[in-house]
Structures are given as structure tokens and as C-alpha cells.
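Novice: Before we start, here is the structure in question, set down as C-alpha cells.
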Amino acid sequence: MDFELSEEQKSILDTADRIAKKYDRAYWLECAKAKRFTSELWDELGKAGYLGITVPEEYGGAGLGMFELSLLQERLAEHGVAVLFFVVNQGLSIPALVRHGTDEQKSRLLPAIASGEKRFCFAITEPNAGTNTFKIESMAKRDGDDYILNGNKLFISGINQAHHVLVVARTQSYQEVGGQTQRKEGLSLFIVDTDSKGLSYKPMDTMLLNPEGQFFVYFDNVRIPKENLLGKEGKGVRVLFDGLNPERIMAAAMACGSGRWMIRRAVEYANQRVIFDKPIGTYQALQHPLAESMALIEVGSLMTRKAAWLQDRGDMGAGEASNMAKLVAADASLKASNAALQCFGGYGFTESQDMLSSFIGARLGTVAPINREMILNFIGEHTLGMPKSY
Amino acid sequence: MSDMKIMVGVKRVIDYNVRVQVKSDGSGVVTDGVKMSINPFDEIALEEALRLKEAGKAAEVIAVSVGPSQAQEQLRTALAMGADRGILVTTAEQPQPLAVAKIFAALYAKEQPGLVILGKQAIDDDAGQVPQMLAGLLDVAQATNASKVELEGESARVTREIDTGIEVIEIRLPAVLSVDLRLNEPRYVKLPDIMKAKKKPIETIDAQALGVERLTFLRVIKTSTPPARQGGHKVGSVEELVQELKQRGFV
């Protein structure tokens, strides 16, 4: 076993450091407050060839894997520059497209994604279908050479900043496929242009501070050419599941990076803030929670790397490892953010200290993109062989 | 001189973001497990060489590192940035400036570059001597602390930042340049180029094979941390500040 990173991998981290120095936390914060896309950062990453890390070389990418992509994500987040599009575009959409896209779809879409010109967002969640994915109600009905899509989605990240949205819809309803036992049938994935006629969206009132924003999305008789069906009609579950491990790996990497950022901020503050004649960093009551969080972040980070490594090898254990990585990383990040916030005392709640939004972000990490309870259910059922609990 | 070669120095140093720690026995600084990088001034030198090549003013950029075999890593980075090939001159111990200058002089004889571009100093020892020594050994023109470089045929116009302002000098090639911080902003390593760099050649030569036997000329007696900063105190007003400064003989 070798924990040493390759020269390419080290170089990715080095470039991430440099880019995040130029487009730093202050830049990110400015974008987040204006709900403006981090386009300068994105362009810079594109020019340096980092947006197509997982895009095959023949389509203009680097042909590397989730391991490299997650390294980049963690390092950017470590500078306080967490990019949500890396989760939904690079993490979710590209792997699904690479694995299930037709040659025509890949040559049409991947080069522009690798260069940074185009971006995907992802739409699955609906008012009546969250973790119970199979209950989604959005319907796409075949009509000649097209599909006609109707339905509502919510919690869709960054659709106003994306060119395409990967939509999960039913091509046969839950009832039509035969209910609970056949629930995995009848789901299909579609590549939909965000400027399609009949597609509209409006921002949700989430109290999260990030540049991407969350949206309600409405499909009102949106016409989708059949060339934009991703994978086989009705067999979307396989496509979907091939995107979910990378999504979890990327979310875990982001949580670890953000955790490191919050710990570093807290250490800097605690080492210079003097109360009772000593820097507050002297006191174990503040030091130990940060130290413990640091150890847990390292564990989450290691598990994330393992999950990415398994995913890149096409190992069946990647699902379990991705779930575990996400669980541990999100918990560690939350613990870190809590410990960090404590160091700041009342100042942690001021806008100028810029800590509270990361605390909320870390808390979100235990809920999205999958909540910790569903991960524990998965581990209980699949790893431990216990009865399904829900 | 579009077939000109440019030789660039690439020194492996402790990364500038690392908080350097002195070894407890005072024999130097801790380098084990510490992130190492290309000396930032050398990166600027390399960037300038690459821009000259891209502008059609040079044909080949050769990156040279003198030091331990691990300096391969920095040469790979230089190749990923765009250098065409690398030369690693290995030495048994960390060479001092005169030895490095002699090594570069030997390589100069072999490669016949039109320009040698070096950082004005390395951020580890801050000696700032190699460029001047090299130009002296080669008996060629030198322009130090360059903040702008323009090649025109057989000569170069070099803008230098000096204590009294900006100086522009013209020198005949071949020449040695040392570069300052504001010359350019080095590029990032592009991901596809990292992979291409793997295929570019790095030649390894032992310093002795270049006829450089003696590596050190000075003995370092002790390395120590600077004394901790003494705590200051706050004054109540500008008047009080001026008075304090006067009392201490600062104004």
C-alpha cells in the first residue's frame, strides 16, 4: 500500500493552491453574496485544464479519475473556495455521460464541458420524492421523435448558471411498472437545455451562503429530442447510480476541505486572541475539540481517497466506501465547524468574521446530497446484512 | 537568433508557504517531510524564457537544476510549464554559489545557449551570487534584477529596478540575466501538460563529470531562529508617540 501521491496529483494540489490564491475566499464571498457564478475562477480552472479531469482524452479532457478530481475539490475547499458545480457537474453529470452517453452525445457535449464553456446541473428531487427517488412524478412521454416532459423539481443547485440540466423523470409511472417490486423500472435520464421552451425556474429562499443558489424548476410541456435521452429508456436507475458514488465522493471531499479551512481559521484566531493574559488557543477547552476534529477530518479524507480509488477501478465496493466517506467527512466537518465557531465566541456570529455561513454549510453536509440516516440504513442493510429498516 | 537556446536555473527550495523550522542542533533547517518547490524567482526566469520562445525569439528552453536527485520533481514541474528538456546535475552535498556558477559555466560550454536566465536569488539562502559569478566566469554581459526584457536581434534591452529608480540597459548576447519579482506572473501548470512532461527527457550528470569537484567554500557555523519579537505597547495619542520615538532616539 502506498499513500504517496504521484507527481501529477501533487501538481494538481499545487495548482489548486495557486488558483485559490488568486481567486480567494474574498472573491468567493463576493460572488456568494451577489449569487453570481464564480466565472473568473471557473475560466481559470478551465484554461489550466482542470475542468475536464475526468473527461476522456479523446474528448479534450485529462482522462484521470475521481481520485484526482476529489483531490482538487478538497484543496479548493481548504482555501474556503468550495465549488458546488464540481459536485453536480464534474461529480454527477460527467461520469454518467462518459459511461452511458452515445458517441454522438459525448462528442457533442464533453469537449465544451472540459473547456469550461458549458456546465450541467442536476435535477432529481421533487416535492414528493426526496430520498424516496423512485416516487418521482415528473413524466416524459414519447411524441414522435421527441419526449414531452412535465413536472416540478426543487433544491436544484445553480440552474441559472448551467447550460444543461440532467433530469431524472419517469417514462412509465410507478403504477404502470407495477409498484414497489418493480419500482426501479421506468426511470429515464434526459439532457435538457436550460433555455428550453417551457422550462422555468425561481430561486428558493434557502439561507445558505454560496454562489450557486437553490431553485424550484418547472417543466411545462418541454420538448426533448430523443437524441437527448441518456442511456436506455426506462433503465435510468443504472445511469443514475453511476453518478451517485462520484457525487458522494465529491461532497465528502468538499466537507473535508471546508473542515480544514474552518479549523485553520479558528487556530489563527485562537492563537492571537488574548483573554486572561494568554491567547485563548492555550486553553485545552478550545484546543482539544479542534485537535479531535482535525484527526476526524484526516480519517474522512483518507476514506474519501479510498472511495475514489475504488470508484476509479470500477470496484463494486465503491458504493459502500463512498457512503462511508460521506458520512464520516460530513460528521467531521460539522464537528470542526462547531469547535471553530466556539473559538470565535460572539464574533463568530458577525458577518465580518465569515464563520457562520460555513457552520451552516457544514450542517447541510449531514443532510445533502444524502442524509446521514439513509447512509446508516445503507450500511446496516448492505454492509452488516441487517433487515431493511424503512 | 530564432534558433537560440535559453538555459534556465531551477533550484529546489522549501516552499515559500512553509514555516521553516531550525534543527535543534543548529546545523540547518528541517527539510524532512517539508513541501519543496521551485524557487519563486526561478519560476519567473522560466516564465520569461517560455514567453521568449512563444514569441519566436528562441527555439529551445533547457531547465537546469543542481542538487539532490529529488530535484527531478522540480524539473518535471519546469517541463510541465513548458521547458523542452531538463538537466539535473547531482552533487553529494548542497553546493554553494561559486560551485553552482562553475557547473552552469560547464553546461554553457556544452550547450552554447544565447541566454542564461536565473532568479536573482534563491529564497532559502538568499545568497544572490550565482548570476554575477556565472557572467564573470564566462566573461559575457550580464543584466541583473530584470523587470522587463526585450530581445532585439543580437542584443537585449533590459529594464532594471534600482535604488534610485528605473534603469534601462542594452547588452550584447550571449548574456546572463537575473530576474526580479515584477518581471512577469508565472503560469499555472496545465493538467494535460503534466502528462506530456513525463515524456520529456531529463539528463542526469554528476557534478564531477563536469569537472566541478569542490562544492563548498564557506563553513556554516550555526543556524538559529531570530529572537522572538518583544511585545510592544499602545500609546494614547500622536503626541505621546512622537515623544516616545524621540526618547528612544528613532526620530
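Chain identifiers are assigned as A, B, and so on, following the order in which chains appear in the C-alpha cells; residues are numbered from 1 within each chain, and ligands are numbered from 1 in order of appearance.
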Considering only C-alpha atoms, return as a PyMOL selection string whatever protein or nucleic-acid residues lie within 12 Å of Lys110 of chain B, sequence-local ones (same chain, fewer than 4 positions apart) excluded.
Specialist: chain B and resi 5+7+87+103-106+210
Novice: What are the residues of chain A that have an atom within 7 Å of an atom of chain B, counting only C-alpha atoms, as a list of chain:residue names?
Specialist: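 Using only C-alpha atoms, chain A residues at most 7 Å from chain B: A:Glu8, A:Thr15, A:Ala48, A:Gly49, A:Tyr50, A:Ala62.
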Novice: Can I get the selection written as a CSV table (one decimal), in the first residue's frame, with N, CA, C and O atoms?
Specialist:
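Result file out18.csv:
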```
chain,number,residue,atom,x,y,z
A,8,GLU,N,1.7,14.0,-10.8
A,8,GLU,CA,0.6,14.7,-11.4
A,8,GLU,C,-0.4,15.2,-10.2
A,8,GLU,O,-0.8,16.3,-10.2
A,15,THR,N,-1.4,23.5,-8.2
A,15,THR,CA,-2.1,24.5,-9.0
A,15,THR,C,-3.4,24.9,-8.3
A,15,THR,O,-3.8,26.1,-8.4
A,48,ALA,N,-6.5,26.0,-17.3
A,48,ALA,CA,-5.5,25.2,-16.8
A,48,ALA,C,-5.8,23.7,-17.0
A,48,ALA,O,-5.0,22.8,-16.7
A,49,GLY,N,-6.9,23.4,-17.6
A,49,GLY,CA,-7.3,22.0,-17.9
A,49,GLY,C,-7.8,21.2,-16.8
A,49,GLY,O,-7.9,20.0,-16.8
A,50,TYR,N,-8.4,21.9,-15.8
A,50,TYR,CA,-8.8,21.2,-14.6
A,50,TYR,C,-10.3,20.9,-14.5
A,50,TYR,O,-10.8,20.2,-13.6
A,62,ALA,N,-8.5,15.2,-19.4
A,62,ALA,CA,-7.3,14.7,-19.0
A,62,ALA,C,-7.3,13.1,-18.8
A,62,ALA,O,-6.3,12.5,-18.6
```
Novice: Excluding Ile370 of chain A and residues on its chain fewer than 3 positions from it, collect all residues at most 9 Å away from it, counting only C-alpha atoms, and give them as a compact mmCIF listing (two decimals) with all heavy atoms, in the first residue's frame.
Specialist:
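This is the output file part11.txt:
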```
# COMPACT_ATOMS: atom_id res chain seq x y z
N THR A 131 -35.43 11.32 -0.70
CA THR A 131 -34.63 10.09 -0.70
C THR A 131 -35.41 8.92 -1.31
O THR A 131 -34.82 7.95 -1.75
CB THR A 131 -34.20 9.73 0.74
OG1 THR A 131 -35.31 9.91 1.60
CG2 THR A 131 -33.07 10.62 1.20
N ARG A 248 -21.19 11.59 -4.02
CA ARG A 248 -20.88 11.44 -2.59
C ARG A 248 -19.41 11.67 -2.32
O ARG A 248 -19.03 12.29 -1.32
CB ARG A 248 -21.30 10.04 -2.13
CG ARG A 248 -22.73 10.08 -1.69
CD ARG A 248 -23.48 8.81 -1.84
NE ARG A 248 -24.83 9.19 -2.30
CZ ARG A 248 -25.86 8.39 -2.31
NH1 ARG A 248 -25.74 7.15 -1.92
NH2 ARG A 248 -27.02 8.83 -2.72
N ASN A 323 -20.39 6.01 0.51
CA ASN A 323 -21.34 6.34 1.57
C ASN A 323 -20.63 6.55 2.90
O ASN A 323 -20.92 7.49 3.63
CB ASN A 323 -22.37 5.22 1.71
CG ASN A 323 -23.56 5.44 0.79
OD1 ASN A 323 -24.07 6.55 0.68
ND2 ASN A 323 -24.00 4.39 0.11
N LYS A 326 -18.66 9.82 2.88
CA LYS A 326 -19.55 10.97 3.01
C LYS A 326 -20.03 11.11 4.45
O LYS A 326 -20.07 12.22 5.01
CB LYS A 326 -20.71 10.79 2.03
CG LYS A 326 -22.00 11.51 2.33
CD LYS A 326 -21.90 13.01 2.14
CE LYS A 326 -23.25 13.67 2.41
NZ LYS A 326 -23.77 13.47 3.76
N GLY A 365 -24.15 19.62 5.13
CA GLY A 365 -23.42 18.44 4.66
C GLY A 365 -23.91 17.14 5.26
O GLY A 365 -23.71 16.06 4.70
N THR A 366 -24.55 17.19 6.42
CA THR A 366 -25.07 15.96 7.02
C THR A 366 -26.48 15.65 6.51
O THR A 366 -27.06 14.62 6.86
CB THR A 366 -25.09 16.03 8.57
OG1 THR A 366 -26.03 17.03 8.97
CG2 THR A 366 -23.72 16.39 9.13
N VAL A 367 -27.02 16.53 5.68
CA VAL A 367 -28.37 16.36 5.13
C VAL A 367 -28.32 16.10 3.63
O VAL A 367 -29.08 15.30 3.09
CB VAL A 367 -29.22 17.63 5.41
CG1 VAL A 367 -30.54 17.58 4.68
CG2 VAL A 367 -29.43 17.79 6.91
N GLU A 373 -28.84 9.52 7.94
CA GLU A 373 -29.70 8.41 8.31
C GLU A 373 -29.81 7.38 7.17
O GLU A 373 -29.78 6.17 7.39
CB GLU A 373 -31.09 8.91 8.69
CG GLU A 373 -31.15 9.71 10.00
CD GLU A 373 -30.52 11.10 9.90
OE1 GLU A 373 -30.42 11.64 8.78
OE2 GLU A 373 -30.12 11.63 10.94
N MET A 374 -29.96 7.90 5.94
CA MET A 374 -30.07 6.98 4.81
C MET A 374 -28.75 6.23 4.57
O MET A 374 -28.74 5.09 4.13
CB MET A 374 -30.49 7.73 3.53
CG MET A 374 -31.96 8.14 3.51
SD MET A 374 -33.13 6.79 3.84
CE MET A 374 -33.16 5.97 2.23
N ILE A 375 -27.64 6.91 4.88
CA ILE A 375 -26.35 6.22 4.75
C ILE A 375 -26.25 5.10 5.79
O ILE A 375 -25.84 3.98 5.48
CB ILE A 375 -25.17 7.20 4.92
CG1 ILE A 375 -25.16 8.21 3.76
CG2 ILE A 375 -23.86 6.44 4.97
CD1 ILE A 375 -24.02 9.21 3.82
```
Novice: I need the residues in segment 67-223 of chain A that are helix (DSSP H, G or I) according to DSSP; give them as a ChimeraX atom specification.
Specialist: /A:67-78,85-100,103-115,133-135,159-161,174-177,179-182
Novice: Residues of segment 157-238 of chain B in strand (DSSP E or B) according to DSSP, as a VMD selection string?
Specialist: chain B and resid 157 to 162 165 to 172 175 to 179 202 to 206
Novice: What is the distance between atom CA of Pro131 of chain B and atom CA of Thr144 of chain B, in Å to one decimal?
Specialist: 7.6 Å
Novice: As a PyMOL selection string, please: the residues near segment 55-71 of chain B (cut-off 6 Å, only C-alpha atoms, same-chain neighbours under 2 positions excluded).
Specialist: chain B and resi 2-12+52-53+73-74+83-91
Novice: Go ahead and write the residues just picked, N, CA and C atoms, as a tab-separated table (two decimals), in the first residue's frame.
Specialist:
```tsv
chain	number	residue	atom	x	y	z
B	2	SER	N	16.53	33.02	-33.91
B	2	SER	CA	15.36	32.22	-33.55
B	2	SER	C	15.74	30.76	-33.27
B	3	ASP	N	17.00	30.38	-33.56
B	3	ASP	CA	17.42	29.02	-33.19
B	3	ASP	C	18.13	29.01	-31.84
B	4	MET	N	17.98	30.12	-31.11
B	4	MET	CA	18.68	30.28	-29.83
B	4	MET	C	18.15	29.33	-28.75
B	5	LYS	N	19.10	28.86	-27.96
B	5	LYS	CA	18.72	28.08	-26.77
B	5	LYS	C	18.72	29.02	-25.56
B	6	ILE	N	17.81	28.79	-24.66
B	6	ILE	CA	17.83	29.53	-23.39
B	6	ILE	C	18.00	28.51	-22.27
B	7	MET	N	18.95	28.76	-21.40
B	7	MET	CA	19.14	27.89	-20.25
B	7	MET	C	18.59	28.59	-19.01
B	8	VAL	N	17.82	27.85	-18.23
B	8	VAL	CA	17.18	28.44	-17.06
B	8	VAL	C	17.54	27.62	-15.82
B	9	GLY	N	17.82	28.31	-14.75
B	9	GLY	CA	18.13	27.62	-13.49
B	9	GLY	C	16.86	27.37	-12.68
B	10	VAL	N	16.76	26.17	-12.14
B	10	VAL	CA	15.58	25.79	-11.36
B	10	VAL	C	16.07	25.18	-10.05
B	11	LYS	N	16.03	25.95	-8.98
B	11	LYS	CA	16.52	25.42	-7.70
B	11	LYS	C	15.38	24.85	-6.86
B	12	ARG	N	15.66	23.71	-6.25
B	12	ARG	CA	14.70	23.09	-5.33
B	12	ARG	C	14.86	23.74	-3.97
B	52	LEU	N	9.63	34.10	-24.34
B	52	LEU	CA	10.53	34.42	-25.45
B	52	LEU	C	10.42	33.34	-26.53
B	53	LYS	N	10.32	32.09	-26.07
B	53	LYS	CA	10.20	31.00	-27.05
B	53	LYS	C	8.86	31.13	-27.80
B	73	GLU	N	11.81	16.34	-9.32
B	73	GLU	CA	10.42	16.78	-9.18
B	73	GLU	C	10.25	18.21	-9.69
B	74	GLN	N	11.19	19.08	-9.33
B	74	GLN	CA	11.08	20.47	-9.76
B	74	GLN	C	11.34	20.58	-11.27
B	83	ALA	N	9.20	23.88	-20.44
B	83	ALA	CA	10.60	23.70	-20.83
B	83	ALA	C	10.70	22.45	-21.72
B	84	ASP	N	11.65	22.45	-22.65
B	84	ASP	CA	11.74	21.34	-23.59
B	84	ASP	C	12.47	20.13	-23.03
B	85	ARG	N	13.51	20.38	-22.26
B	85	ARG	CA	14.21	19.27	-21.63
B	85	ARG	C	14.86	19.75	-20.35
B	86	GLY	N	15.28	18.78	-19.56
B	86	GLY	CA	15.87	19.12	-18.27
B	86	GLY	C	17.25	18.52	-18.11
B	87	ILE	N	18.08	19.18	-17.34
B	87	ILE	CA	19.38	18.62	-16.97
B	87	ILE	C	19.47	18.70	-15.45
B	88	LEU	N	19.73	17.54	-14.85
B	88	LEU	CA	19.90	17.51	-13.40
B	88	LEU	C	21.37	17.24	-13.12
B	89	VAL	N	22.00	18.18	-12.44
B	89	VAL	CA	23.40	17.97	-12.06
B	89	VAL	C	23.39	17.58	-10.59
B	90	THR	N	23.78	16.34	-10.33
B	90	THR	CA	23.70	15.85	-8.95
B	90	THR	C	25.01	16.15	-8.23
B	91	THR	N	24.83	16.49	-6.96
B	91	THR	CA	26.00	16.80	-6.12
B	91	THR	C	25.87	16.05	-4.81
```
Novice: Could you jot down the atom CA of Ala96 of chain A to atom CA of Leu71 of chain A separation for me, Å, one decimal place?
Specialist: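 For atom CA of Ala96 of chain A relative to atom CA of Leu71 of chain A, the distance reads 19.9 Å.
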Novice: If you measure from atom CA of Ser352 of chain A to atom CA of Ile297 of chain A, what distance in Å do you get, rounded to one decimal?
Specialist: 25.7 Å
Novice: Can you list, as an MDAnalysis selection string, every protein, DNA or RNA residue that comes within 8 Å of Lys106 of chain A when you count only C-alpha atoms, leaving out same-chain residues fewer than 6 positions away?
Specialist: chainID A and resid 59 97:98
Novice: Could you name the residues that touch Asp312 of chain A at 8 Å or less, counting only C-alpha atoms, but leaving out those on the same chain fewer than 2 positions away, as a count of residues only?
Specialist: 8
Novice: Considering only C-alpha atoms, can you say which of B:Ala92, B:Met81, B:Val212, B:Leu46 comes closest to Val116 of chain B?
Specialist: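 Of B:Ala92, B:Met81, B:Val212, B:Leu46, the one nearest Val116 of chain B is B:Leu46, counting only C-alpha atoms.
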Novice: So which residues touch Ile156 of chain A within 8 Å, counting only C-alpha atoms, skipping near sequence neighbours fewer than 3 positions away, as a ChimeraX atom specification?
Specialist: /A:121-125,153,159,214-217
Novice: Write a file of the just-selected residues containing N, CA, C and O atoms, as a PDB file, in the first residue's frame.
Specialist:
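Just written: part33.pdb:
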```
ATOM      1  N   CYS A 121     -26.236  21.132 -14.594  1.00  0.00           N
ATOM      2  CA  CYS A 121     -26.726  20.948 -13.230  1.00  0.00           C
ATOM      3  C   CYS A 121     -27.575  19.688 -13.252  1.00  0.00           C
ATOM      4  O   CYS A 121     -27.705  19.040 -14.293  1.00  0.00           O
ATOM      5  N   PHE A 122     -28.122  19.331 -12.114  1.00  0.00           N
ATOM      6  CA  PHE A 122     -28.752  18.028 -11.999  1.00  0.00           C
ATOM      7  C   PHE A 122     -30.096  18.175 -11.301  1.00  0.00           C
ATOM      8  O   PHE A 122     -30.203  18.879 -10.306  1.00  0.00           O
ATOM      9  N   ALA A 123     -31.127  17.535 -11.841  1.00  0.00           N
ATOM     10  CA  ALA A 123     -32.461  17.691 -11.257  1.00  0.00           C
ATOM     11  C   ALA A 123     -33.098  16.339 -10.980  1.00  0.00           C
ATOM     12  O   ALA A 123     -33.461  15.601 -11.903  1.00  0.00           O
ATOM     13  N   ILE A 124     -33.204  16.028  -9.695  1.00  0.00           N
ATOM     14  CA  ILE A 124     -33.867  14.775  -9.313  1.00  0.00           C
ATOM     15  C   ILE A 124     -34.953  15.032  -8.274  1.00  0.00           C
ATOM     16  O   ILE A 124     -36.061  14.531  -8.411  1.00  0.00           O
ATOM     17  N   THR A 125     -34.637  15.818  -7.234  1.00  0.00           N
ATOM     18  CA  THR A 125     -35.541  15.970  -6.087  1.00  0.00           C
ATOM     19  C   THR A 125     -36.862  16.639  -6.479  1.00  0.00           C
ATOM     20  O   THR A 125     -36.884  17.594  -7.262  1.00  0.00           O
ATOM     21  N   LYS A 153     -39.518  20.242  -9.986  1.00  0.00           N
ATOM     22  CA  LYS A 153     -38.348  19.837  -9.188  1.00  0.00           C
ATOM     23  C   LYS A 153     -38.035  20.941  -8.194  1.00  0.00           C
ATOM     24  O   LYS A 153     -38.438  22.103  -8.389  1.00  0.00           O
ATOM     25  N   ILE A 159     -29.152  26.183 -11.379  1.00  0.00           N
ATOM     26  CA  ILE A 159     -29.686  26.019 -12.743  1.00  0.00           C
ATOM     27  C   ILE A 159     -29.553  27.309 -13.550  1.00  0.00           C
ATOM     28  O   ILE A 159     -29.358  27.265 -14.772  1.00  0.00           O
ATOM     29  N   GLN A 214     -30.260  27.759  -4.837  1.00  0.00           N
ATOM     30  CA  GLN A 214     -31.147  26.600  -4.993  1.00  0.00           C
ATOM     31  C   GLN A 214     -32.422  27.061  -5.675  1.00  0.00           C
ATOM     32  O   GLN A 214     -32.908  28.149  -5.389  1.00  0.00           O
ATOM     33  N   PHE A 215     -32.994  26.225  -6.515  1.00  0.00           N
ATOM     34  CA  PHE A 215     -34.121  26.657  -7.329  1.00  0.00           C
ATOM     35  C   PHE A 215     -35.271  25.657  -7.369  1.00  0.00           C
ATOM     36  O   PHE A 215     -35.068  24.446  -7.262  1.00  0.00           O
ATOM     37  N   PHE A 216     -36.485  26.214  -7.532  1.00  0.00           N
ATOM     38  CA  PHE A 216     -37.629  25.432  -7.993  1.00  0.00           C
ATOM     39  C   PHE A 216     -37.514  25.391  -9.513  1.00  0.00           C
ATOM     40  O   PHE A 216     -37.219  26.421 -10.131  1.00  0.00           O
ATOM     41  N   VAL A 217     -37.776  24.257 -10.109  1.00  0.00           N
ATOM     42  CA  VAL A 217     -37.725  24.167 -11.575  1.00  0.00           C
ATOM     43  C   VAL A 217     -39.040  23.555 -12.061  1.00  0.00           C
ATOM     44  O   VAL A 217     -39.531  22.577 -11.478  1.00  0.00           O
TER      45      VAL A 217
END
```
